[in-house]
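All remarks here apply to the structure that follows.
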Amino acid sequence: MTEPDLSHIGPRDKAEILAQALPYIRKFHGKTMVIKYGGNAMTDPALQADFAEDVVLLKLVGINPVVVHGGGPQIETALNRLGKKGEFIQGMRVTDEETMEVVEWVLAGQVQQDIVGLINQAGGKAVGLTGRDGGLIRAQKLKMVDNKDPSREHDVGFVGDIVAIDPSVVKALQDDAFIPVISPIGFGEQNESYNINADVVAGKLATVLKAEKLVLLTNTPGVLDKAGNLLTDLTAREIDDLFADGTISGGMLPKIAGALDAAKSGVNSVHIIDGRVPHAMLLEILTEQAFGTMIRSH
């Protein structure tokens with residue numbers, strides 16, 4: 001693990017930094033934090049190392065991080081290698097049987113094990129899980145209604161909708177000082193696999209675990225107003241207004257919809273933060289400074 005160079009910071013400043021973090025450490029001690037890991041933070045080697053260090057530090061100060069990851073770009077690369085062209089309907093990847101196999105070995109194999117390795121290298125004890133492990137995520141086929149014609153339904157294949165989450169395997173690992181790293185793959189009635197949106201999995205998992213926080217790492221500074229300014233602190237009601245007037249649109253829609261659900265279902269706060277900023281997660285959680293948008297449940 002490469003140590004950051006802090007030689008230019010004097011001992012008094014270092015103590016000051018730690019003292020400022022103390023109230024937050026005390027407040028969140030013993031609480032669960034669900035982190036959706038994606039975007040640049042997941043593909044840039046320096047940011048990957050920062051992320052792993054942040055997760056390990058949170059665990060060491062008594063906070064229980066649970067990591068849920070995506071892997072869109074990695075899936076795309078693997079499909080291209082096989083000569084398969086990705087097809088999307090209303091932003092969802094059409095997932096036939098062969099594509100689902102690729103999704104499974106990319107997410108539950110390559111991507112998940114990379115993250116587990118990074119966290120272990122940074123001094124943590126990470127364990128990889130899919131929705132199958134311990135019956136964690138039961139799913140069914142996603143029914144996708146056409147945006148323009150509600151009487152039409154699109155078949156997107158093995159894309160899943162969560163039926164139920166049984167968090168007992170996650171809780172057992174947490175109690176034993178492990179950091180769970182979860183691939184967003186669920187299983188159905190016939191033991192078939194389903195690919196589920198990672199933001200949705202993170203949101204539902206945060207709700208079921210009664211998490212203190214849900215943190216979504218993105219490639220944006222957070223939620224922006226129409227003039228492009230960062231909105232650092234929003235309530236669930238204010239978010240509803242931003243949906244209504246079209247301020248929140250495009251790729252942010254599903255992310256915020258999941259975040260809003262979690263905030264309305266008992267998760268104390270949801271943070272949408274810029275994963276391109278080194279250690280953005282620690283800065284957002286353990287300092288006064290806002291490095292993204294916080295959505296409060298009340």
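Residue numbering restarts at 1 in every chain; chains get A, B, ... in the order shown in the structure tokens, and ligands count up from 1 in that same order.
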Shell around range 38-42 of chain A at 10 Å using only C-alpha atoms, local window under 6 positions removed, as a PDB file with all heavy atoms, in the first residue's frame:
ATOM      1  N   GLN A  48      -8.437   3.723  -7.681  1.00  0.00           N
ATOM      2  CA  GLN A  48      -8.770   2.395  -7.139  1.00  0.00           C
ATOM      3  C   GLN A  48      -8.079   2.200  -5.785  1.00  0.00           C
ATOM      4  O   GLN A  48      -8.687   1.734  -4.824  1.00  0.00           O
ATOM      5  CB  GLN A  48      -8.275   1.286  -8.080  1.00  0.00           C
ATOM      6  CG  GLN A  48      -9.102   1.104  -9.333  1.00  0.00           C
ATOM      7  CD  GLN A  48      -8.476   0.060 -10.263  1.00  0.00           C
ATOM      8  OE1 GLN A  48      -7.297  -0.262 -10.163  1.00  0.00           O
ATOM      9  NE2 GLN A  48      -9.276  -0.472 -11.158  1.00  0.00           N
ATOM     10  N   ALA A  49      -6.797   2.560  -5.746  1.00  0.00           N
ATOM     11  CA  ALA A  49      -6.030   2.400  -4.505  1.00  0.00           C
ATOM     12  C   ALA A  49      -6.595   3.304  -3.401  1.00  0.00           C
ATOM     13  O   ALA A  49      -6.728   2.886  -2.251  1.00  0.00           O
ATOM     14  CB  ALA A  49      -4.560   2.725  -4.754  1.00  0.00           C
ATOM     15  N   ASP A  50      -6.973   4.549  -3.762  1.00  0.00           N
ATOM     16  CA  ASP A  50      -7.572   5.473  -2.795  1.00  0.00           C
ATOM     17  C   ASP A  50      -8.863   4.892  -2.232  1.00  0.00           C
ATOM     18  O   ASP A  50      -9.119   4.950  -1.030  1.00  0.00           O
ATOM     19  CB  ASP A  50      -7.915   6.822  -3.467  1.00  0.00           C
ATOM     20  CG  ASP A  50      -6.672   7.650  -3.767  1.00  0.00           C
ATOM     21  OD1 ASP A  50      -5.601   7.308  -3.231  1.00  0.00           O
ATOM     22  OD2 ASP A  50      -6.783   8.622  -4.534  1.00  0.00           O
ATOM     23  N   PHE A  51      -9.680   4.355  -3.130  1.00  0.00           N
ATOM     24  CA  PHE A  51     -10.964   3.788  -2.718  1.00  0.00           C
ATOM     25  C   PHE A  51     -10.747   2.656  -1.708  1.00  0.00           C
ATOM     26  O   PHE A  51     -11.387   2.601  -0.654  1.00  0.00           O
ATOM     27  CB  PHE A  51     -11.732   3.270  -3.943  1.00  0.00           C
ATOM     28  CG  PHE A  51     -12.966   2.489  -3.586  1.00  0.00           C
ATOM     29  CD1 PHE A  51     -14.137   3.151  -3.222  1.00  0.00           C
ATOM     30  CD2 PHE A  51     -12.968   1.095  -3.594  1.00  0.00           C
ATOM     31  CE1 PHE A  51     -15.278   2.430  -2.870  1.00  0.00           C
ATOM     32  CE2 PHE A  51     -14.100   0.375  -3.243  1.00  0.00           C
ATOM     33  CZ  PHE A  51     -15.256   1.043  -2.880  1.00  0.00           C
ATOM     34  N   VAL A  68     -21.062  -2.484  -3.172  1.00  0.00           N
ATOM     35  CA  VAL A  68     -21.788  -3.060  -4.310  1.00  0.00           C
ATOM     36  C   VAL A  68     -21.159  -2.455  -5.559  1.00  0.00           C
ATOM     37  O   VAL A  68     -20.968  -1.243  -5.629  1.00  0.00           O
ATOM     38  CB  VAL A  68     -23.290  -2.695  -4.269  1.00  0.00           C
ATOM     39  CG1 VAL A  68     -24.016  -3.242  -5.496  1.00  0.00           C
ATOM     40  CG2 VAL A  68     -23.941  -3.203  -2.986  1.00  0.00           C
ATOM     41  N   HIS A  69     -20.803  -3.293  -6.538  1.00  0.00           N
ATOM     42  CA  HIS A  69     -20.118  -2.738  -7.713  1.00  0.00           C
ATOM     43  C   HIS A  69     -20.901  -3.024  -8.997  1.00  0.00           C
ATOM     44  O   HIS A  69     -21.674  -3.971  -9.086  1.00  0.00           O
ATOM     45  CB  HIS A  69     -18.714  -3.336  -7.831  1.00  0.00           C
ATOM     46  CG  HIS A  69     -18.727  -4.807  -8.136  1.00  0.00           C
ATOM     47  ND1 HIS A  69     -18.813  -5.293  -9.424  1.00  0.00           N
ATOM     48  CD2 HIS A  69     -18.697  -5.891  -7.322  1.00  0.00           C
ATOM     49  CE1 HIS A  69     -18.824  -6.617  -9.386  1.00  0.00           C
ATOM     50  NE2 HIS A  69     -18.757  -7.005  -8.122  1.00  0.00           N
ATOM     51  N   GLY A  70     -20.660  -2.167  -9.995  1.00  0.00           N
ATOM     52  CA  GLY A  70     -21.166  -2.409 -11.336  1.00  0.00           C
ATOM     53  C   GLY A  70     -20.044  -2.959 -12.197  1.00  0.00           C
ATOM     54  O   GLY A  70     -19.121  -3.576 -11.683  1.00  0.00           O
ATOM     55  N   GLY A  71     -20.120  -2.685 -13.500  1.00  0.00           N
ATOM     56  CA  GLY A  71     -19.056  -3.140 -14.397  1.00  0.00           C
ATOM     57  C   GLY A  71     -19.433  -3.033 -15.856  1.00  0.00           C
ATOM     58  O   GLY A  71     -19.020  -3.850 -16.682  1.00  0.00           O
ATOM     59  N   GLY A  72     -20.220  -2.002 -16.193  1.00  0.00           N
ATOM     60  CA  GLY A  72     -20.663  -1.803 -17.585  1.00  0.00           C
ATOM     61  C   GLY A  72     -19.542  -1.812 -18.609  1.00  0.00           C
ATOM     62  O   GLY A  72     -19.582  -2.594 -19.564  1.00  0.00           O
ATOM     63  N   PRO A  73     -18.500  -0.968 -18.430  1.00  0.00           N
ATOM     64  CA  PRO A  73     -17.415  -0.921 -19.415  1.00  0.00           C
ATOM     65  C   PRO A  73     -16.689  -2.260 -19.563  1.00  0.00           C
ATOM     66  O   PRO A  73     -16.332  -2.668 -20.673  1.00  0.00           O
ATOM     67  CB  PRO A  73     -16.467   0.144 -18.849  1.00  0.00           C
ATOM     68  CG  PRO A  73     -17.285   0.950 -17.909  1.00  0.00           C
ATOM     69  CD  PRO A  73     -18.340   0.034 -17.369  1.00  0.00           C
ATOM     70  N   VAL A 111     -14.171  -8.547 -12.130  1.00  0.00           N
ATOM     71  CA  VAL A 111     -14.337  -7.252 -11.451  1.00  0.00           C
ATOM     72  C   VAL A 111     -14.364  -7.425  -9.935  1.00  0.00           C
ATOM     73  O   VAL A 111     -13.651  -6.737  -9.201  1.00  0.00           O
ATOM     74  CB  VAL A 111     -15.628  -6.538 -11.935  1.00  0.00           C
ATOM     75  CG1 VAL A 111     -15.858  -5.254 -11.154  1.00  0.00           C
ATOM     76  CG2 VAL A 111     -15.533  -6.224 -13.425  1.00  0.00           C
ATOM     77  N   ASP A 114     -10.981  -8.373  -8.488  1.00  0.00           N
ATOM     78  CA  ASP A 114     -10.073  -7.215  -8.509  1.00  0.00           C
ATOM     79  C   ASP A 114     -10.293  -6.333  -7.276  1.00  0.00           C
ATOM     80  O   ASP A 114      -9.352  -5.895  -6.622  1.00  0.00           O
ATOM     81  CB  ASP A 114     -10.304  -6.353  -9.765  1.00  0.00           C
ATOM     82  CG  ASP A 114      -9.632  -6.943 -11.000  1.00  0.00           C
ATOM     83  OD1 ASP A 114      -8.875  -7.930 -10.837  1.00  0.00           O
ATOM     84  OD2 ASP A 114      -9.865  -6.436 -12.112  1.00  0.00           O
ATOM     85  N   ILE A 115     -11.568  -6.059  -6.973  1.00  0.00           N
ATOM     86  CA  ILE A 115     -11.909  -5.182  -5.840  1.00  0.00           C
ATOM     87  C   ILE A 115     -11.511  -5.846  -4.522  1.00  0.00           C
ATOM     88  O   ILE A 115     -10.924  -5.213  -3.643  1.00  0.00           O
ATOM     89  CB  ILE A 115     -13.417  -4.831  -5.842  1.00  0.00           C
ATOM     90  CG1 ILE A 115     -13.790  -4.105  -7.142  1.00  0.00           C
ATOM     91  CG2 ILE A 115     -13.778  -3.963  -4.645  1.00  0.00           C
ATOM     92  CD1 ILE A 115     -15.288  -4.015  -7.399  1.00  0.00           C
ATOM     93  N   ALA A 198     -26.853  -2.045 -10.581  1.00  0.00           N
ATOM     94  CA  ALA A 198     -26.089  -1.989  -9.323  1.00  0.00           C
ATOM     95  C   ALA A 198     -26.579  -0.873  -8.395  1.00  0.00           C
ATOM     96  O   ALA A 198     -26.543  -1.023  -7.169  1.00  0.00           O
ATOM     97  CB  ALA A 198     -24.605  -1.809  -9.627  1.00  0.00           C
ATOM     98  N   ASP A 199     -27.044   0.244  -8.963  1.00  0.00           N
ATOM     99  CA  ASP A 199     -27.584   1.324  -8.130  1.00  0.00           C
ATOM    100  C   ASP A 199     -28.820   0.849  -7.381  1.00  0.00           C
ATOM    101  O   ASP A 199     -29.038   1.181  -6.215  1.00  0.00           O
ATOM    102  CB  ASP A 199     -27.958   2.546  -8.993  1.00  0.00           C
ATOM    103  CG  ASP A 199     -26.731   3.232  -9.564  1.00  0.00           C
ATOM    104  OD1 ASP A 199     -25.794   3.479  -8.802  1.00  0.00           O
ATOM    105  OD2 ASP A 199     -26.715   3.513 -10.775  1.00  0.00           O
ATOM    106  N   LEU A 216     -23.091   6.783  -3.335  1.00  0.00           N
ATOM    107  CA  LEU A 216     -23.020   6.413  -4.746  1.00  0.00           C
ATOM    108  C   LEU A 216     -21.872   7.173  -5.396  1.00  0.00           C
ATOM    109  O   LEU A 216     -21.900   8.407  -5.466  1.00  0.00           O
ATOM    110  CB  LEU A 216     -24.342   6.749  -5.460  1.00  0.00           C
ATOM    111  CG  LEU A 216     -25.619   6.130  -4.877  1.00  0.00           C
ATOM    112  CD1 LEU A 216     -26.866   6.754  -5.499  1.00  0.00           C
ATOM    113  CD2 LEU A 216     -25.651   4.623  -5.078  1.00  0.00           C
ATOM    114  N   LEU A 217     -20.845   6.454  -5.838  1.00  0.00           N
ATOM    115  CA  LEU A 217     -19.721   7.103  -6.519  1.00  0.00           C
ATOM    116  C   LEU A 217     -20.074   7.263  -7.993  1.00  0.00           C
ATOM    117  O   LEU A 217     -20.478   6.296  -8.647  1.00  0.00           O
ATOM    118  CB  LEU A 217     -18.470   6.245  -6.391  1.00  0.00           C
ATOM    119  CG  LEU A 217     -17.819   6.228  -5.010  1.00  0.00           C
ATOM    120  CD1 LEU A 217     -16.810   5.107  -4.920  1.00  0.00           C
ATOM    121  CD2 LEU A 217     -17.137   7.542  -4.709  1.00  0.00           C
ATOM    122  N   THR A 218     -19.936   8.481  -8.521  1.00  0.00           N
ATOM    123  CA  THR A 218     -20.318   8.734  -9.913  1.00  0.00           C
ATOM    124  C   THR A 218     -19.192   9.486 -10.628  1.00  0.00           C
ATOM    125  O   THR A 218     -18.183   9.814 -10.034  1.00  0.00           O
ATOM    126  CB  THR A 218     -21.572   9.635  -9.981  1.00  0.00           C
ATOM    127  OG1 THR A 218     -21.247  10.903  -9.393  1.00  0.00           O
ATOM    128  CG2 THR A 218     -22.737   9.032  -9.238  1.00  0.00           C
ATOM    129  N   ASN A 219     -19.431   9.758 -11.904  1.00  0.00           N
ATOM    130  CA  ASN A 219     -18.480  10.573 -12.681  1.00  0.00           C
ATOM    131  C   ASN A 219     -18.982  11.993 -12.840  1.00  0.00           C
ATOM    132  O   ASN A 219     -18.701  12.660 -13.823  1.00  0.00           O
ATOM    133  CB  ASN A 219     -18.264   9.955 -14.068  1.00  0.00           C
ATOM    134  CG  ASN A 219     -17.292   8.790 -13.992  1.00  0.00           C
ATOM    135  OD1 ASN A 219     -16.631   8.598 -12.988  1.00  0.00           O
ATOM    136  ND2 ASN A 219     -17.220   8.010 -15.040  1.00  0.00           N
ATOM    137  N   THR A 220     -19.774  12.447 -11.869  1.00  0.00           N
ATOM    138  CA  THR A 220     -20.270  13.833 -11.897  1.00  0.00           C
ATOM    139  C   THR A 220     -20.003  14.442 -10.520  1.00  0.00           C
ATOM    140  O   THR A 220     -19.825  13.710  -9.551  1.00  0.00           O
ATOM    141  CB  THR A 220     -21.797  13.881 -12.159  1.00  0.00           C
ATOM    142  OG1 THR A 220     -22.450  13.243 -11.041  1.00  0.00           O
ATOM    143  CG2 THR A 220     -22.172  13.161 -13.440  1.00  0.00           C
ATOM    144  N   ASP A 274     -18.484  12.605  -6.217  1.00  0.00           N
ATOM    145  CA  ASP A 274     -17.624  12.593  -7.393  1.00  0.00           C
ATOM    146  C   ASP A 274     -16.458  11.628  -7.172  1.00  0.00           C
ATOM    147  O   ASP A 274     -15.499  11.951  -6.466  1.00  0.00           O
ATOM    148  CB  ASP A 274     -17.098  14.016  -7.647  1.00  0.00           C
ATOM    149  CG  ASP A 274     -16.480  14.156  -9.026  1.00  0.00           C
ATOM    150  OD1 ASP A 274     -16.126  13.110  -9.617  1.00  0.00           O
ATOM    151  OD2 ASP A 274     -16.374  15.293  -9.518  1.00  0.00           O
ATOM    152  N   GLY A 275     -16.551  10.463  -7.777  1.00  0.00           N
ATOM    153  CA  GLY A 275     -15.520   9.439  -7.619  1.00  0.00           C
ATOM    154  C   GLY A 275     -14.211   9.787  -8.304  1.00  0.00           C
ATOM    155  O   GLY A 275     -13.230   9.055  -8.189  1.00  0.00           O
ATOM    156  N   ARG A 276     -14.171  10.920  -9.027  1.00  0.00           N
ATOM    157  CA  ARG A 276     -12.932  11.334  -9.707  1.00  0.00           C
ATOM    158  C   ARG A 276     -12.026  12.118  -8.772  1.00  0.00           C
ATOM    159  O   ARG A 276     -10.885  12.416  -9.090  1.00  0.00           O
ATOM    160  CB  ARG A 276     -13.277  12.185 -10.934  1.00  0.00           C
ATOM    161  CG  ARG A 276     -14.121  11.430 -11.957  1.00  0.00           C
ATOM    162  CD  ARG A 276     -14.709  12.377 -12.997  1.00  0.00           C
ATOM    163  NE  ARG A 276     -15.525  13.416 -12.387  1.00  0.00           N
ATOM    164  CZ  ARG A 276     -16.190  14.337 -13.072  1.00  0.00           C
ATOM    165  NH1 ARG A 276     -16.133  14.332 -14.390  1.00  0.00           N
ATOM    166  NH2 ARG A 276     -16.909  15.248 -12.454  1.00  0.00           N
ATOM    167  N   VAL A 277     -12.555  12.474  -7.600  1.00  0.00           N
ATOM    168  CA  VAL A 277     -11.762  13.216  -6.603  1.00  0.00           C
ATOM    169  C   VAL A 277     -11.097  12.213  -5.667  1.00  0.00           C
ATOM    170  O   VAL A 277     -11.779  11.385  -5.069  1.00  0.00           O
ATOM    171  CB  VAL A 277     -12.682  14.158  -5.780  1.00  0.00           C
ATOM    172  CG1 VAL A 277     -11.896  14.850  -4.679  1.00  0.00           C
ATOM    173  CG2 VAL A 277     -13.364  15.170  -6.687  1.00  0.00           C
ATOM    174  N   PRO A 278      -9.760  12.237  -5.533  1.00  0.00           N
ATOM    175  CA  PRO A 278      -9.094  11.289  -4.641  1.00  0.00           C
ATOM    176  C   PRO A 278      -9.665  11.366  -3.215  1.00  0.00           C
ATOM    177  O   PRO A 278      -9.866  12.456  -2.689  1.00  0.00           O
ATOM    178  CB  PRO A 278      -7.625  11.741  -4.657  1.00  0.00           C
ATOM    179  CG  PRO A 278      -7.473  12.469  -5.947  1.00  0.00           C
ATOM    180  CD  PRO A 278      -8.804  13.133  -6.211  1.00  0.00           C
ATOM    181  N   HIS A 279      -9.962  10.213  -2.632  1.00  0.00           N
ATOM    182  CA  HIS A 279     -10.483  10.105  -1.261  1.00  0.00           C
ATOM    183  C   HIS A 279     -11.785  10.885  -1.055  1.00  0.00           C
ATOM    184  O   HIS A 279     -12.110  11.285   0.066  1.00  0.00           O
ATOM    185  CB  HIS A 279      -9.433  10.574  -0.231  1.00  0.00           C
ATOM    186  CG  HIS A 279      -8.195   9.734  -0.220  1.00  0.00           C
ATOM    187  ND1 HIS A 279      -8.197   8.405   0.166  1.00  0.00           N
ATOM    188  CD2 HIS A 279      -6.917  10.014  -0.568  1.00  0.00           C
ATOM    189  CE1 HIS A 279      -6.972   7.920   0.061  1.00  0.00           C
ATOM    190  NE2 HIS A 279      -6.179   8.866  -0.400  1.00  0.00           N
ATOM    191  N   ALA A 280     -12.567  11.064  -2.139  1.00  0.00           N
ATOM    192  CA  ALA A 280     -13.827  11.831  -2.032  1.00  0.00           C
ATOM    193  C   ALA A 280     -14.736  11.250  -0.951  1.00  0.00           C
ATOM    194  O   ALA A 280     -15.432  11.986  -0.247  1.00  0.00           O
ATOM    195  CB  ALA A 280     -14.555  11.828  -3.378  1.00  0.00           C
TER     196      ALA A 280
END
- prompt: Can you list, as a PyMOL selection string, every residue of range 48-236 of chain A that DSSP puts in helix (DSSP H, G or I)?
  reply: chain A and resi 48-60+72-81+97-121+133-135+168-175+198-208+236
Spatial neighbours of range 284-289 of chain A, 8 Å, only C-alpha atoms, chain gap at least 5 places, as a PDB file with N, CA, C and O atoms, in the first residue's frame:
ATOM      1  N   GLN A  20     -10.921  16.913  13.803  1.00  0.00           N
ATOM      2  CA  GLN A  20     -12.142  17.290  13.073  1.00  0.00           C
ATOM      3  C   GLN A  20     -12.946  16.067  12.651  1.00  0.00           C
ATOM      4  O   GLN A  20     -14.173  16.113  12.567  1.00  0.00           O
ATOM      5  N   ALA A  21     -12.244  14.970  12.379  1.00  0.00           N
ATOM      6  CA  ALA A  21     -12.943  13.753  11.954  1.00  0.00           C
ATOM      7  C   ALA A  21     -13.604  13.029  13.132  1.00  0.00           C
ATOM      8  O   ALA A  21     -14.556  12.274  12.949  1.00  0.00           O
ATOM      9  N   LEU A  22     -13.108  13.304  14.344  1.00  0.00           N
ATOM     10  CA  LEU A  22     -13.555  12.545  15.514  1.00  0.00           C
ATOM     11  C   LEU A  22     -15.074  12.544  15.741  1.00  0.00           C
ATOM     12  O   LEU A  22     -15.663  11.481  15.967  1.00  0.00           O
ATOM     13  N   TYR A  24     -17.436  12.752  13.693  1.00  0.00           N
ATOM     14  CA  TYR A  24     -18.090  11.922  12.667  1.00  0.00           C
ATOM     15  C   TYR A  24     -17.826  10.442  12.943  1.00  0.00           C
ATOM     16  O   TYR A  24     -18.709   9.599  12.803  1.00  0.00           O
ATOM     17  N   ILE A  25     -16.580  10.146  13.335  1.00  0.00           N
ATOM     18  CA  ILE A  25     -16.229   8.755  13.645  1.00  0.00           C
ATOM     19  C   ILE A  25     -17.110   8.267  14.804  1.00  0.00           C
ATOM     20  O   ILE A  25     -17.655   7.171  14.774  1.00  0.00           O
ATOM     21  N   ILE A 273     -21.567  11.227  -4.858  1.00  0.00           N
ATOM     22  CA  ILE A 273     -20.292  11.952  -4.806  1.00  0.00           C
ATOM     23  C   ILE A 273     -19.433  11.703  -6.039  1.00  0.00           C
ATOM     24  O   ILE A 273     -19.627  10.734  -6.769  1.00  0.00           O
TER      25      ILE A 273
END
Any chance you could tabulate, as a tab-separated table, the residues of range 83-124 of chain A at most 10 Å from range 181-191 of chain A with each one's nearest atom pair and distance in Å to one decimal, using only C-alpha atoms, in chain and rising number order?
residue	atom	partner	partner_atom	distance
A:Met100	CA	A:Ile185	CA	9.7
A:Val103	CA	A:Ile185	CA	8.8
A:Glu104	CA	A:Ile185	CA	7.4
A:Val106	CA	A:Ser183	CA	9.8
A:Leu107	CA	A:Ser183	CA	6.0
A:Ala108	CA	A:Ser183	CA	5.8
A:Gly109	CA	A:Ser183	CA	9.2
A:Val111	CA	A:Ser183	CA	8.6
A:Gln112	CA	A:Ser183	CA	6.6
A:Gln113	CA	A:Val181	CA	8.9
A:Ile115	CA	A:Val181	CA	7.5
A:Val116	CA	A:Val181	CA	6.8
A:Ile119	CA	A:Val181	CA	9.6
Could the residues in this selection be saved with N, CA, C and O atoms as an mmCIF file, in the first residue's frame?
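Result went into again.cif, see below:
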data_model
loop_
_atom_site.group_PDB
_atom_site.id
_atom_site.type_symbol
_atom_site.label_atom_id
_atom_site.label_comp_id
_atom_site.auth_asym_id
_atom_site.auth_seq_id
_atom_site.Cartn_x
_atom_site.Cartn_y
_atom_site.Cartn_z
ATOM 1 N N MET A 100 -25.697 -13.147 -20.607
ATOM 2 C CA MET A 100 -25.795 -13.317 -19.157
ATOM 3 C C MET A 100 -24.596 -14.091 -18.613
ATOM 4 O O MET A 100 -24.060 -13.776 -17.550
ATOM 5 N N VAL A 103 -21.793 -11.634 -18.506
ATOM 6 C CA VAL A 103 -22.021 -10.698 -17.400
ATOM 7 C C VAL A 103 -21.600 -11.348 -16.089
ATOM 8 O O VAL A 103 -20.914 -10.740 -15.258
ATOM 9 N N GLU A 104 -21.970 -12.624 -15.940
ATOM 10 C CA GLU A 104 -21.692 -13.320 -14.684
ATOM 11 C C GLU A 104 -20.191 -13.507 -14.470
ATOM 12 O O GLU A 104 -19.667 -13.249 -13.398
ATOM 13 N N VAL A 106 -17.759 -11.820 -15.844
ATOM 14 C CA VAL A 106 -17.057 -10.529 -15.715
ATOM 15 C C VAL A 106 -17.291 -9.931 -14.318
ATOM 16 O O VAL A 106 -16.354 -9.547 -13.625
ATOM 17 N N LEU A 107 -18.577 -9.878 -13.904
ATOM 18 C CA LEU A 107 -18.892 -9.241 -12.623
ATOM 19 C C LEU A 107 -18.423 -10.074 -11.431
ATOM 20 O O LEU A 107 -17.698 -9.595 -10.563
ATOM 21 N N ALA A 108 -18.858 -11.338 -11.388
ATOM 22 C CA ALA A 108 -18.577 -12.175 -10.217
ATOM 23 C C ALA A 108 -17.159 -12.734 -10.253
ATOM 24 O O ALA A 108 -16.640 -13.196 -9.246
ATOM 25 N N GLY A 109 -16.533 -12.679 -11.435
ATOM 26 C CA GLY A 109 -15.159 -13.165 -11.552
ATOM 27 C C GLY A 109 -14.192 -12.009 -11.507
ATOM 28 O O GLY A 109 -13.778 -11.547 -10.449
ATOM 29 N N VAL A 111 -14.171 -8.547 -12.130
ATOM 30 C CA VAL A 111 -14.337 -7.252 -11.451
ATOM 31 C C VAL A 111 -14.364 -7.425 -9.935
ATOM 32 O O VAL A 111 -13.651 -6.737 -9.201
ATOM 33 N N GLN A 112 -15.180 -8.359 -9.482
ATOM 34 C CA GLN A 112 -15.313 -8.557 -8.036
ATOM 35 C C GLN A 112 -13.976 -8.946 -7.391
ATOM 36 O O GLN A 112 -13.591 -8.399 -6.365
ATOM 37 N N GLN A 113 -13.272 -9.861 -8.033
ATOM 38 C CA GLN A 113 -12.011 -10.322 -7.442
ATOM 39 C C GLN A 113 -10.924 -9.243 -7.478
ATOM 40 O O GLN A 113 -10.079 -9.183 -6.593
ATOM 41 N N ILE A 115 -11.568 -6.059 -6.973
ATOM 42 C CA ILE A 115 -11.909 -5.182 -5.840
ATOM 43 C C ILE A 115 -11.511 -5.846 -4.522
ATOM 44 O O ILE A 115 -10.924 -5.213 -3.643
ATOM 45 N N VAL A 116 -11.827 -7.134 -4.407
ATOM 46 C CA VAL A 116 -11.452 -7.892 -3.202
ATOM 47 C C VAL A 116 -9.938 -7.819 -2.999
ATOM 48 O O VAL A 116 -9.449 -7.544 -1.901
ATOM 49 N N ILE A 119 -8.755 -4.290 -1.795
ATOM 50 C CA ILE A 119 -9.071 -4.026 -0.379
ATOM 51 C C ILE A 119 -8.146 -4.842 0.522
ATOM 52 O O ILE A 119 -7.627 -4.345 1.519
#
- prompt: A:Ala122, A:Ile162, A:Leu18, A:Val127: which is nearest Ser193 in chain A, counting only C-alpha atoms?
  reply: A:Ile162
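By only C-alpha atoms, and with residues fewer than 4 positions from range 165-178 of chain A along its chain excluded, the set lying at most 8 Å from it is Lys59, Asn64, Gly124, Lys125, Ala126, Val127, Asp133, Gly134, Gly135, Leu136, Ile137, Arg138, Lys204, Leu205, Val208 and Leu209 of chain A.
With distances restricted to only C-alpha atoms, A:Lys31 is the closest residue to Asn268 in chain A from A:Lys255, A:Lys31, A:Arg26, A:Lys148.
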message: Write out as a ChimeraX atom specification the set of residues from range 39-166 of chain A that DSSP, computed on the backbone, places in strand (DSSP E or B).
response: /A:64-69,88-89,92-93,95,126-130,137-141,144-145,153-154,157,159-165
message: Could you check the closest approach to Phe158 in chain A for each of A:Ser249, A:Val34, A:Ile17, A:Lys141 and tell me which residue wins, using only C-alpha atoms?
response: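 Between A:Ser249, A:Val34, A:Ile17, A:Lys141, the residue approaching Phe158 in chain A most closely is A:Lys141.
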